[in-house]
There are 4 protein chains.
Amino acid sequence: MSAPGEPDRRTLMEFTSDNAYGVSPEMLAAIAEAASGPAASYGADPITGGLAQKFASVFEHEVAVYPLISGTAANALALSTITPPHGAIICHELSHISVDECGAPEFFTHGAKLVALAGSGGKISERDVGAALLRYRKGDVHQVQPMTISISQSTEFGTIYKPDEIRAISGVARRNNMKLHMDGARLGNAVAGLACSPADITWRVGVDVLSFGATKNGALGAEAVLFFAPEDVADFEFRRKKAGHLISKMRFVSAQLEAYLAEGRWLKHAGHANRLARALADGLTGVPGAEIAYPVEANEVLVRLPDPMIARLRAAGARFYDWSPSSNGRTLIRLVTSFASSEDSVQRFLSLARK
Amino acid sequence: MSAPGEPDRRTLMEFTSDNAYGVSPEMLAAIAEAASGPAASYGADPITGGLAQKFASVFEHEVAVYPLISGTAANALALSTITPPHGAIICHELSHISVDECGAPEFFTHGAKLVALAGSGGKISERDVGAALLRYRKGDVHQVQPMTISISQSTEFGTIYKPDEIRAISGVARRNNMKLHMDGARLGNAVAGLACSPADITWRVGVDVLSFGATKNGALGAEAVLFFAPEDVADFEFRRKKAGHLISKMRFVSAQLEAYLAEGRWLKHAGHANRLARALADGLTGVPGAEIAYPVEANEVLVRLPDPMIARLRAAGARFYDWSPSSNGRTLIRLVTSFASSEDSVQRFLSLARK
Amino acid sequence: MSAPGEPDRRTLMEFTSDNAYGVSPEMLAAIAEAASGPAASYGADPITGGLAQKFASVFEHEVAVYPLISGTAANALALSTITPPHGAIICHELSHISVDECGAPEFFTHGAKLVALAGSGGKISERDVGAALLRYRKGDVHQVQPMTISISQSTEFGTIYKPDEIRAISGVARRNNMKLHMDGARLGNAVAGLACSPADITWRVGVDVLSFGATKNGALGAEAVLFFAPEDVADFEFRRKKAGHLISKMRFVSAQLEAYLAEGRWLKHAGHANRLARALADGLTGVPGAEIAYPVEANEVLVRLPDPMIARLRAAGARFYDWSPSSNGRTLIRLVTSFASSEDSVQRFLSLARK
Amino acid sequence: MSAPGEPDRRTLMEFTSDNAYGVSPEMLAAIAEAASGPAASYGADPITGGLAQKFASVFEHEVAVYPLISGTAANALALSTITPPHGAIICHELSHISVDECGAPEFFTHGAKLVALAGSGGKISERDVGAALLRYRKGDVHQVQPMTISISQSTEFGTIYKPDEIRAISGVARRNNMKLHMDGARLGNAVAGLACSPADITWRVGVDVLSFGATKNGALGAEAVLFFAPEDVADFEFRRKKAGHLISKMRFVSAQLEAYLAEGRWLKHAGHANRLARALADGLTGVPGAEIAYPVEANEVLVRLPDPMIARLRAAGARFYDWSPSSNGRTLIRLVTSFASSEDSVQRFLSLARK
């Protein structure tokens, strides 16, 4: 039974966010195991020390790994390391860095500018990036200078960049002496969705720096910034400390990341979430009045539903965000599934929708 | 048995730092309990919601509580909320904010200046603060304007400000329209050491904003900024987000804080650490060549030992930091005890010292 | 005769920019007059002291006046005084603050975000501002918070906001608890163009803070920030100093401003420039292939001309900027006239265009 | 006759500051000459273009020259170009950058820290710098990293570093991979005082970056940053623009600098000021109760005078700053002479003192 004021967990259909869920048992166990006895602080412990090798194995490439506890920090620190104050960062106009981080990239870069592009399904294209670059005169001190492109994988709309799309964007970056950053808060969902190697959508197609997220996919709080080229690390470690993001008992963040990568666990979790999103999308297809707004390629479903249906779902315990205001009797909502979402909650949601 | 390359935990005498230790079982249990099922993210969960009341009860005063995972962030966010870019922060020249945060206060305040004062045992005095203020012309735009005083309780030297000392400093602050910040990364050790109420060394003697630490005293990673006057909160919440310090699964930080305060656990932990520091100090007193450098009032012992003794201790498994270079055959070292330090490790250390 | 490598001033047709011209004789005389003998530095001199009264008389309103020597500094300091780091500034996507200041507003505000709106003729509308505001959730810490609207008068396209248009925008500002900033680098051209009182397009229609420019209209280097409400000044004076913009021999900047306002000189200068721009526009109308792109209301003419005509004009000594790349055999160019532009250079330009 | 409320210039003895004086006739003439006709803005004009060669000739070394209008900006921009946010700048505790710029270096560097050292006569020594460096652990992310040493020449106390003293300091800088910055707001006074070549106290003894001042020595407003090694320029030009310090009609700043260097004018001006300071010092020596506090090597005299004498001098029209509060019936005052100070005002001052 639920406590007064709390939802009944048996009937709850929680699709608000993947960070509304708890911690996977394996990651919790890893924390507990790391919790006894002393260990060097600030990342000098053996678990943190072993991470680079483990990530290198998963990514098939040498990599510098810096554990963090916040996705916004991962993005802002990564971007500020590769973008000077007079630089510009090209991104999607609805990307997390552009609309959900309260200007953290601008703060950490000391005033660089985000150049926000439109683009279908949360994705920017090689073409749009190229067109945006034409607006900037190289070396002209009156203008910020485009230095960085940032893309989200999977996107905030549940879509996924194909390897070729990323390669095309990194081509623009290379030709213009820019760096390519990837916000991989949901990288697992992208890798699981494409059934590819993590390398196929990162360094192999030109990604320089990656914000690698585990929190939305089962960690208590564990992210990391990965640099595929050692020279890009530059003064990252000083930036991390100066921003208060060097965690003293870092081994507990690292232990989560270790457990997350072990035995392909991160992809099992992401695959589960993706399958349930797929099930929601499939189930809603054909429901009168329902319209899937974007390809459902990861763990998010953006769907227009009739307002009475939305009211009925919420009354029955479903939770999700409105994604835009009601229009013509329908509202675009977002449903997010997670490693811990249940098949049962999906089926109940679909039954209610079909009523 | 220890793993190859790892120290043997049976012989280890770990006095490097209180954040070299793990997590107290009760806090770990609190995390595990919070880990199942969904909860609202970014602090909208019930555990976080209940913190203000719990802290109010412990501090005997209404208080606004903002959980964080880093002490440097707690200090820098607190200071930047009460200090404008053209402000100055008066502190001890060896305080954590001055020498151990890589300029985080300067970054978060957008360029305020730390005015670092000397002072015995890591403490600044009312007198020294008053003298420093004479160097600044009120309202003169050529000079930064002293806006904030920051003190550490307990200090980085294991000493503790008495309530009257704090009241005297806050008197200077009040008379000069300044705010008083306390870095309470080790507040528990101070409260346990003085056997007073937390109120007696905070708001009752004029502290406006408190960095409250739990990490060094048994948490996995849990700090908080406490404001005793609601108007001082100002734009703190935006600053926290913009700096990447709004944790998505905040309930896990809050659960640690809740468990930390419950049943006086924080003071039991701190009392244990203090007692062992006391035992170290008492045991070393009288050992030929040993000289306790500062009053041992909390969980740190700064002591000069003969270099051969230091070498012998390290060879036998003792770990600690040198605090200053060797001079006349002796070196000032720092010994820190924690909630999880063992009586046995202290006794072994003392036996070795006495040999 | 001109020096080798320098243009022949007799044939020169200089329409590149209004800051390519020199200094008006009256302002030069004012500098010379102020140059003898000592005077208090940093603005404590009598000329600076008298400015507020002189501006108040011209603007028919009490006003706080802060002389500066850079328009970018005026904008960035003004905006940062009224916009916190977590704020957003709504502006035109091609405004000076958005594309010509290398991110100065972001630097001075410590990371606030510019929200750049499209809008015909360099103007934003009440409607577009209202629509943009809908994208921001009030008080949501994940998002920057719109705090400021900034408009240019006259605009970078040579158009002018009518008093009613400004009033409508300031209405949106008021209803949303925002401030209205005006970039008046070319305010004189707007006042002369509308034949109104400066008050009619500033405080009377809701402008809170004004960047007042004289440099483009005949000063050596003189700008000012004007606050119409004393409480908006806040910490402006500290910001000015901290940014290195408190000029030591300020009387020379102030002397220029004094001479600029005296005897309606600023409006005579601006009126002259406007008339020549009008003459260029009228003369080009009807020239085959020429197309005036925006209403010519101030001292700028944006016009599409056939590429061969452009080549012919440049070969004959005309100077101006291309405003966008050639398309279908024509290029959009910008012609700017100034207080010192000659009727003769305009007529020669038109003759060449008509050939 | 003087205007009401203004001092009578015939009796005025103005020793407040060298920037309380006006503009030298030659520099004013240079401005006037540059004022007619158009010229490219933002430094693309021929006068600015010719500066590098003229400075190279004076300094006997290739040099990159960036005109500015503010000494604080020159220092802050120079320092921020060579010091990253996690860096530290070692300087004298009473240097201009430390106490008179409202934290501009901290703002421009995005939070670097000034390490302020004591030192007699406003000078820091090789030894003190070396000792300060011992407090920082190289590469330790918890600490800011000393990257820059900054010295003033001549100092704020009217003393001058000898070439060997500078060479010793730059030796420390080289050995620690640091840069040496010189605040040369009064460089002319130092060169005139030492009767040396400008090279002898700059690049030849290891100065990397120089804030070159003309304003205090007769300019309306003209400073420059000089880099002796091209690679140190880095992103200086973007920083200058982003801070609003790229002056649109830059030729007028450059014309001042050109006239300042021409015909050794800067050294004539400085020599005049130095001689008058010397005359003041000599004249005060032996006056009962007067005590010269520091060697008078440039254009400043710091002297303790009996309070009644000070009152008498002020009553008679003398102007100067108190440099510290009265103590034992005497006060330390500062007398500054300038290019335009008169022999007569010095003699009147001395007569009054001797009464």
# chains A, B, ... in the order shown; residues from 1 in each chain; ligands from 1
>>> calpha_fit_and_write(fixed="chain C", moving="chain A", output="compact mmCIF listing (two decimals) with C-alpha atoms, in the first residue's frame")
# COMPACT_ATOMS: atom_id res chain seq x y z
CA MET A 1 46.62 65.05 -53.45
CA SER A 2 46.39 61.81 -51.57
CA ALA A 3 49.38 59.94 -50.22
CA PRO A 4 50.46 56.80 -52.09
CA GLY A 5 48.26 53.92 -51.05
CA GLU A 6 45.61 56.26 -49.71
CA PRO A 7 42.43 57.10 -51.57
CA ASP A 8 42.03 60.43 -53.32
CA ARG A 9 39.65 62.25 -51.04
CA ARG A 10 38.22 64.27 -53.91
CA THR A 11 36.84 61.23 -55.67
CA LEU A 12 36.16 59.09 -52.65
CA MET A 13 32.56 58.03 -52.08
CA GLU A 14 32.72 56.68 -48.54
CA PHE A 15 29.57 54.83 -47.49
CA THR A 16 31.14 52.01 -45.47
CA SER A 17 30.17 53.14 -42.05
CA ASP A 18 29.33 56.21 -40.04
CA ASN A 19 32.28 55.49 -37.82
CA ALA A 20 34.66 55.75 -40.75
CA TYR A 21 34.32 59.51 -40.52
CA GLY A 22 36.28 61.91 -38.37
CA VAL A 23 35.29 64.31 -35.66
CA SER A 24 33.02 67.31 -35.98
CA PRO A 25 34.89 70.60 -35.52
CA GLU A 26 32.73 71.63 -32.58
CA MET A 27 33.46 68.44 -30.66
CA LEU A 28 37.14 68.76 -31.44
CA ALA A 29 37.07 72.30 -30.14
CA ALA A 30 35.35 71.13 -26.96
CA ILE A 31 38.11 68.62 -26.37
CA ALA A 32 40.79 71.24 -26.92
CA GLU A 33 39.10 73.62 -24.56
CA ALA A 34 38.93 70.97 -21.84
CA ALA A 35 42.57 70.04 -22.37
CA SER A 36 44.33 72.78 -20.49
CA GLY A 37 44.89 72.67 -16.81
CA PRO A 38 44.10 70.04 -14.24
CA ALA A 39 40.74 68.56 -13.42
CA ALA A 40 39.61 65.75 -11.20
CA SER A 41 39.86 62.37 -12.84
CA TYR A 42 37.43 59.46 -13.17
CA GLY A 43 34.41 61.64 -13.68
CA ALA A 44 34.71 63.92 -10.67
CA ASP A 45 35.32 66.90 -12.98
CA PRO A 46 32.76 69.71 -13.49
CA ILE A 47 32.01 68.87 -17.12
CA THR A 48 30.99 65.33 -16.25
CA GLY A 49 29.16 66.68 -13.23
CA GLY A 50 27.03 68.87 -15.43
CA LEU A 51 26.02 66.19 -17.90
CA ALA A 52 23.03 64.81 -16.01
CA GLN A 53 21.35 68.21 -16.06
CA LYS A 54 22.03 68.69 -19.76
CA PHE A 55 20.72 65.26 -20.69
CA ALA A 56 17.71 65.79 -18.42
CA SER A 57 16.92 68.94 -20.33
CA VAL A 58 17.17 67.22 -23.72
CA PHE A 59 15.23 64.15 -22.57
CA GLU A 60 12.72 66.08 -20.44
CA HIS A 61 13.31 63.66 -17.58
CA GLU A 62 15.71 63.12 -14.73
CA VAL A 63 18.39 60.75 -15.88
CA ALA A 64 21.57 59.12 -14.59
CA VAL A 65 24.33 59.48 -17.20
CA TYR A 66 27.50 57.39 -17.45
CA PRO A 67 29.97 58.35 -20.19
CA LEU A 68 31.81 55.56 -21.99
CA ILE A 69 33.96 55.27 -25.06
CA SER A 70 32.56 52.18 -26.72
CA GLY A 71 29.11 51.25 -27.92
CA THR A 72 29.70 47.59 -27.28
CA ALA A 73 30.65 48.43 -23.70
CA ALA A 74 27.58 50.63 -23.32
CA ASN A 75 25.31 47.81 -24.43
CA ALA A 76 27.05 45.07 -22.47
CA LEU A 77 27.29 47.10 -19.26
CA ALA A 78 23.68 48.26 -19.51
CA LEU A 79 22.40 44.76 -20.20
CA SER A 80 24.46 43.13 -17.46
CA THR A 81 23.19 45.65 -14.92
CA ILE A 82 19.57 44.71 -15.56
CA THR A 83 19.98 41.01 -16.45
CA PRO A 84 21.27 38.38 -14.01
CA PRO A 85 23.40 35.44 -15.18
CA HIS A 86 20.34 33.21 -15.36
CA GLY A 87 18.41 35.76 -17.40
CA ALA A 88 17.60 35.94 -21.08
CA ILE A 89 17.64 38.98 -23.34
CA ILE A 90 15.20 39.07 -26.21
CA CYS A 91 16.50 40.85 -29.29
CA HIS A 92 16.53 40.82 -33.07
CA GLU A 93 18.59 38.06 -34.61
CA LEU A 94 20.62 40.58 -36.57
CA SER A 95 20.97 43.21 -33.88
CA HIS A 96 24.41 44.53 -33.02
CA ILE A 97 24.37 42.85 -29.61
CA SER A 98 23.57 39.53 -31.24
CA VAL A 99 25.97 39.44 -34.17
CA ASP A 100 28.55 42.22 -33.90
CA GLU A 101 29.84 42.21 -30.33
CA CYS A 102 31.63 38.86 -30.13
CA GLY A 103 29.42 37.75 -27.29
CA ALA A 104 30.13 40.77 -25.08
CA PRO A 105 26.64 40.63 -23.51
CA GLU A 106 27.22 36.99 -22.58
CA PHE A 107 30.62 37.87 -21.06
CA PHE A 108 29.42 40.86 -19.07
CA THR A 109 26.26 39.12 -17.83
CA HIS A 110 28.30 36.04 -16.86
CA GLY A 111 26.42 33.77 -19.18
CA ALA A 112 22.93 35.11 -19.79
CA LYS A 113 21.41 34.01 -23.07
CA LEU A 114 20.34 36.10 -26.04
CA VAL A 115 17.04 34.98 -27.51
CA ALA A 116 17.29 36.09 -31.11
CA LEU A 117 14.06 36.70 -33.01
CA ALA A 118 13.52 37.18 -36.70
CA GLY A 119 11.66 40.32 -37.76
CA SER A 120 11.37 42.44 -40.85
CA GLY A 121 13.68 45.42 -41.30
CA GLY A 122 15.69 44.68 -38.17
CA LYS A 123 12.68 45.26 -35.93
CA ILE A 124 11.04 42.88 -33.52
CA SER A 125 7.34 43.10 -32.81
CA GLU A 126 5.26 42.93 -29.66
CA ARG A 127 3.70 39.77 -31.12
CA ASP A 128 6.98 37.98 -31.72
CA VAL A 129 8.24 38.87 -28.26
CA GLY A 130 5.03 37.57 -26.75
CA ALA A 131 5.32 34.32 -28.71
CA ALA A 132 8.94 33.87 -27.61
CA LEU A 133 7.99 34.32 -23.97
CA LEU A 134 5.60 31.36 -24.21
CA ARG A 135 8.60 29.09 -24.64
CA TYR A 136 9.87 29.93 -21.13
CA ARG A 137 8.37 28.60 -17.93
CA LYS A 138 8.41 31.31 -15.29
CA GLY A 139 10.55 30.34 -12.31
CA ASP A 140 11.66 27.01 -13.77
CA VAL A 141 15.32 26.75 -12.82
CA HIS A 142 16.09 24.59 -15.84
CA GLN A 143 15.55 27.52 -18.12
CA VAL A 144 17.04 30.94 -18.42
CA GLN A 145 14.44 33.51 -17.47
CA PRO A 146 13.55 36.33 -19.87
CA MET A 147 14.41 39.52 -18.02
CA THR A 148 15.21 42.03 -20.71
CA ILE A 149 14.12 43.12 -24.18
CA SER A 150 16.64 45.02 -26.27
CA ILE A 151 15.81 46.99 -29.41
CA SER A 152 17.97 49.17 -31.64
CA GLN A 153 16.85 52.66 -32.58
CA SER A 154 17.45 53.36 -35.41
CA THR A 155 18.01 49.74 -36.40
CA GLU A 156 20.98 48.17 -38.10
CA PHE A 157 18.85 48.22 -41.29
CA GLY A 158 18.12 51.94 -41.33
CA THR A 159 14.55 51.54 -40.13
CA ILE A 160 12.99 53.26 -37.13
CA TYR A 161 10.59 52.02 -34.46
CA LYS A 162 7.51 54.26 -34.23
CA PRO A 163 6.62 55.37 -30.68
CA ASP A 164 3.59 53.08 -30.69
CA GLU A 165 5.67 50.08 -31.65
CA ILE A 166 7.99 50.72 -28.73
CA ARG A 167 5.09 51.25 -26.36
CA ALA A 168 3.62 47.93 -27.39
CA ILE A 169 6.93 46.17 -26.72
CA SER A 170 7.39 47.88 -23.37
CA GLY A 171 3.88 46.77 -22.53
CA VAL A 172 4.98 43.16 -22.95
CA ALA A 173 8.01 43.95 -20.82
CA ARG A 174 5.92 45.49 -18.02
CA ARG A 175 3.42 42.65 -17.98
CA ASN A 176 6.27 40.15 -17.67
CA ASN A 177 8.32 42.09 -15.18
CA MET A 178 11.08 42.68 -17.72
CA LYS A 179 13.18 45.72 -18.53
CA LEU A 180 13.42 47.43 -21.92
CA HIS A 181 16.85 48.42 -23.20
CA MET A 182 17.44 50.51 -26.28
CA ASP A 183 20.66 50.42 -28.28
CA GLY A 184 20.76 54.03 -29.36
CA ALA A 185 24.11 54.00 -31.14
CA ARG A 186 22.15 55.89 -33.82
CA LEU A 187 19.51 57.49 -31.63
CA GLY A 188 20.10 60.87 -33.23
CA ASN A 189 19.18 59.50 -36.62
CA ALA A 190 15.95 58.13 -35.20
CA VAL A 191 15.00 61.37 -33.46
CA ALA A 192 15.83 63.38 -36.56
CA GLY A 193 14.00 60.91 -38.76
CA LEU A 194 10.83 61.03 -36.69
CA ALA A 195 11.14 64.74 -35.93
CA CYS A 196 10.04 63.89 -32.43
CA SER A 197 11.34 64.59 -28.95
CA PRO A 198 13.94 62.13 -27.64
CA ALA A 199 11.47 61.48 -24.83
CA ASP A 200 8.86 60.28 -27.32
CA ILE A 201 10.86 57.21 -28.23
CA THR A 202 12.49 56.51 -24.88
CA TRP A 203 11.07 56.84 -21.35
CA ARG A 204 7.68 58.08 -22.49
CA VAL A 205 7.10 54.80 -24.28
CA GLY A 206 8.68 52.61 -21.64
CA VAL A 207 12.41 52.45 -22.33
CA ASP A 208 14.25 51.84 -19.05
CA VAL A 209 17.89 51.99 -20.07
CA LEU A 210 19.45 53.62 -23.10
CA SER A 211 22.81 53.18 -24.78
CA PHE A 212 23.25 56.69 -26.15
CA GLY A 213 25.75 56.97 -28.99
CA ALA A 214 27.62 59.98 -30.30
CA THR A 215 30.61 58.34 -31.98
CA LYS A 216 28.82 57.39 -35.20
CA ASN A 217 27.46 60.91 -35.44
CA GLY A 218 30.58 63.04 -35.11
CA ALA A 219 32.28 62.31 -31.81
CA LEU A 220 35.85 61.12 -31.48
CA GLY A 221 34.65 58.47 -29.07
CA ALA A 222 31.73 59.21 -26.77
CA GLU A 223 28.84 57.05 -25.69
CA ALA A 224 26.79 57.00 -22.53
CA VAL A 225 24.45 54.75 -20.65
CA LEU A 226 21.33 56.54 -19.45
CA PHE A 227 19.05 55.17 -16.74
CA PHE A 228 15.63 56.79 -16.50
CA ALA A 229 14.92 55.26 -13.08
CA PRO A 230 17.58 55.67 -10.38
CA GLU A 231 16.93 52.21 -8.92
CA ASP A 232 17.96 50.56 -12.18
CA VAL A 233 21.49 51.92 -11.79
CA ALA A 234 22.17 49.28 -9.12
CA ASP A 235 25.87 48.33 -9.28
CA PHE A 236 26.52 49.86 -12.70
CA GLU A 237 29.41 51.99 -11.48
CA PHE A 238 31.26 48.98 -10.08
CA ARG A 239 30.63 47.03 -13.26
CA ARG A 240 32.02 49.89 -15.35
CA LYS A 241 35.21 50.03 -13.30
CA LYS A 242 35.64 46.25 -13.10
CA ALA A 243 35.40 46.09 -16.88
CA GLY A 244 38.09 48.73 -17.34
CA HIS A 245 35.59 51.24 -18.75
CA LEU A 246 35.94 53.98 -16.18
CA ILE A 247 38.02 56.47 -18.17
CA SER A 248 40.58 58.37 -16.12
CA LYS A 249 40.43 61.64 -18.04
CA MET A 250 36.68 61.37 -18.40
CA ARG A 251 36.20 65.08 -18.90
CA PHE A 252 37.24 64.62 -22.53
CA VAL A 253 34.45 62.16 -23.15
CA SER A 254 32.03 64.36 -21.30
CA ALA A 255 33.14 67.44 -23.21
CA GLN A 256 32.24 65.70 -26.43
CA LEU A 257 28.81 64.77 -25.14
CA GLU A 258 28.21 68.32 -23.93
CA ALA A 259 29.15 69.78 -27.28
CA TYR A 260 27.12 67.12 -29.05
CA LEU A 261 23.90 68.06 -27.28
CA ALA A 262 24.53 71.81 -27.38
CA GLU A 263 22.54 73.87 -29.86
CA GLY A 264 20.77 70.77 -31.18
CA ARG A 265 24.01 69.84 -32.88
CA TRP A 266 23.40 66.10 -32.62
CA LEU A 267 20.14 66.40 -34.53
CA LYS A 268 21.63 68.69 -37.18
CA HIS A 269 24.35 66.12 -37.80
CA ALA A 270 21.89 63.24 -37.86
CA GLY A 271 19.47 65.16 -40.07
CA HIS A 272 22.24 65.78 -42.58
CA ALA A 273 23.12 62.09 -42.70
CA ASN A 274 19.47 61.11 -43.01
CA ARG A 275 18.89 63.55 -45.89
CA LEU A 276 21.81 62.15 -47.84
CA ALA A 277 20.56 58.60 -47.27
CA ARG A 278 17.17 59.72 -48.50
CA ALA A 279 18.83 61.29 -51.55
CA LEU A 280 20.67 58.05 -52.29
CA ALA A 281 17.46 56.07 -51.97
CA ASP A 282 15.45 58.48 -54.10
CA GLY A 283 18.17 58.62 -56.72
CA LEU A 284 18.45 54.84 -56.91
CA THR A 285 14.72 54.34 -57.18
CA GLY A 286 14.01 53.86 -60.83
CA VAL A 287 17.57 52.95 -61.72
CA PRO A 288 17.20 49.70 -63.68
CA GLY A 289 18.07 46.71 -61.53
CA ALA A 290 18.16 48.66 -58.28
CA GLU A 291 15.81 47.63 -55.50
CA ILE A 292 15.62 49.34 -52.12
CA ALA A 293 15.33 46.50 -49.61
CA TYR A 294 13.97 48.30 -46.53
CA PRO A 295 12.31 51.62 -45.80
CA VAL A 296 15.04 54.28 -45.68
CA GLU A 297 14.15 56.09 -42.48
CA ALA A 298 17.53 56.97 -41.03
CA ASN A 299 21.07 57.06 -42.46
CA GLU A 300 21.36 53.63 -44.03
CA VAL A 301 20.29 52.38 -47.43
CA LEU A 302 20.14 48.67 -48.03
CA VAL A 303 19.76 48.19 -51.73
CA ARG A 304 20.15 45.41 -54.24
CA LEU A 305 22.23 46.45 -57.23
CA PRO A 306 23.35 44.56 -60.31
CA ASP A 307 26.85 43.15 -59.84
CA PRO A 308 28.36 45.00 -62.82
CA MET A 309 27.05 48.27 -61.44
CA ILE A 310 28.63 47.46 -58.08
CA ALA A 311 31.94 46.72 -59.74
CA ARG A 312 31.77 49.98 -61.67
CA LEU A 313 31.00 51.98 -58.52
CA ARG A 314 33.85 50.44 -56.60
CA ALA A 315 36.27 51.00 -59.46
CA ALA A 316 35.34 54.67 -59.39
CA GLY A 317 36.09 55.02 -55.70
CA ALA A 318 32.86 54.09 -53.94
CA ARG A 319 33.18 52.20 -50.72
CA PHE A 320 30.51 50.15 -49.02
CA TYR A 321 29.86 46.71 -47.59
CA ASP A 322 28.21 43.76 -49.27
CA TRP A 323 25.38 42.78 -46.97
CA SER A 324 24.76 39.32 -48.39
CA PRO A 325 26.31 37.16 -51.10
CA SER A 326 25.46 37.79 -54.72
CA SER A 327 22.28 36.09 -55.88
CA ASN A 328 20.86 36.10 -59.40
CA GLY A 329 23.36 38.68 -60.56
CA ARG A 330 22.56 41.16 -57.83
CA THR A 331 24.03 41.84 -54.41
CA LEU A 332 22.48 43.46 -51.39
CA ILE A 333 24.79 46.30 -50.32
CA ARG A 334 24.67 48.74 -47.44
CA LEU A 335 25.31 52.45 -47.86
CA VAL A 336 25.77 54.49 -44.70
CA THR A 337 25.89 58.26 -44.63
CA SER A 338 27.31 60.36 -41.84
CA PHE A 339 27.40 63.88 -40.43
CA ALA A 340 30.40 64.49 -42.67
CA SER A 341 29.27 62.82 -45.87
CA SER A 342 29.12 65.19 -48.78
CA GLU A 343 26.24 65.96 -51.09
CA ASP A 344 28.80 65.77 -53.86
CA SER A 345 29.79 62.18 -53.08
CA VAL A 346 26.12 61.20 -53.17
CA GLN A 347 25.59 62.84 -56.55
CA ARG A 348 28.69 61.24 -58.01
CA PHE A 349 27.54 57.86 -56.72
CA LEU A 350 24.12 58.33 -58.30
CA SER A 351 25.57 59.48 -61.62
CA LEU A 352 27.76 56.39 -61.74
CA ALA A 353 24.81 54.16 -60.85
CA ARG A 354 22.69 55.66 -63.60
CA LYS A 355 25.31 55.25 -66.32
>>> select_by_dssp(residues="range 190-274 of chain B", states="strand (DSSP E)", output="PyMOL selection string")
chain B and resi 209-213+223-227
>>> select_by_dssp(residues="range 90-172 of chain A", states="helix (DSSP H, G or I)", output="JSON, numbers by chain")
{"A": [96, 97, 98, 99, 104, 105, 106, 107, 108, 120, 121, 122, 126, 127, 128, 129, 130, 131, 132, 133, 163, 164, 165, 166, 167, 168, 169, 170, 171, 172]}
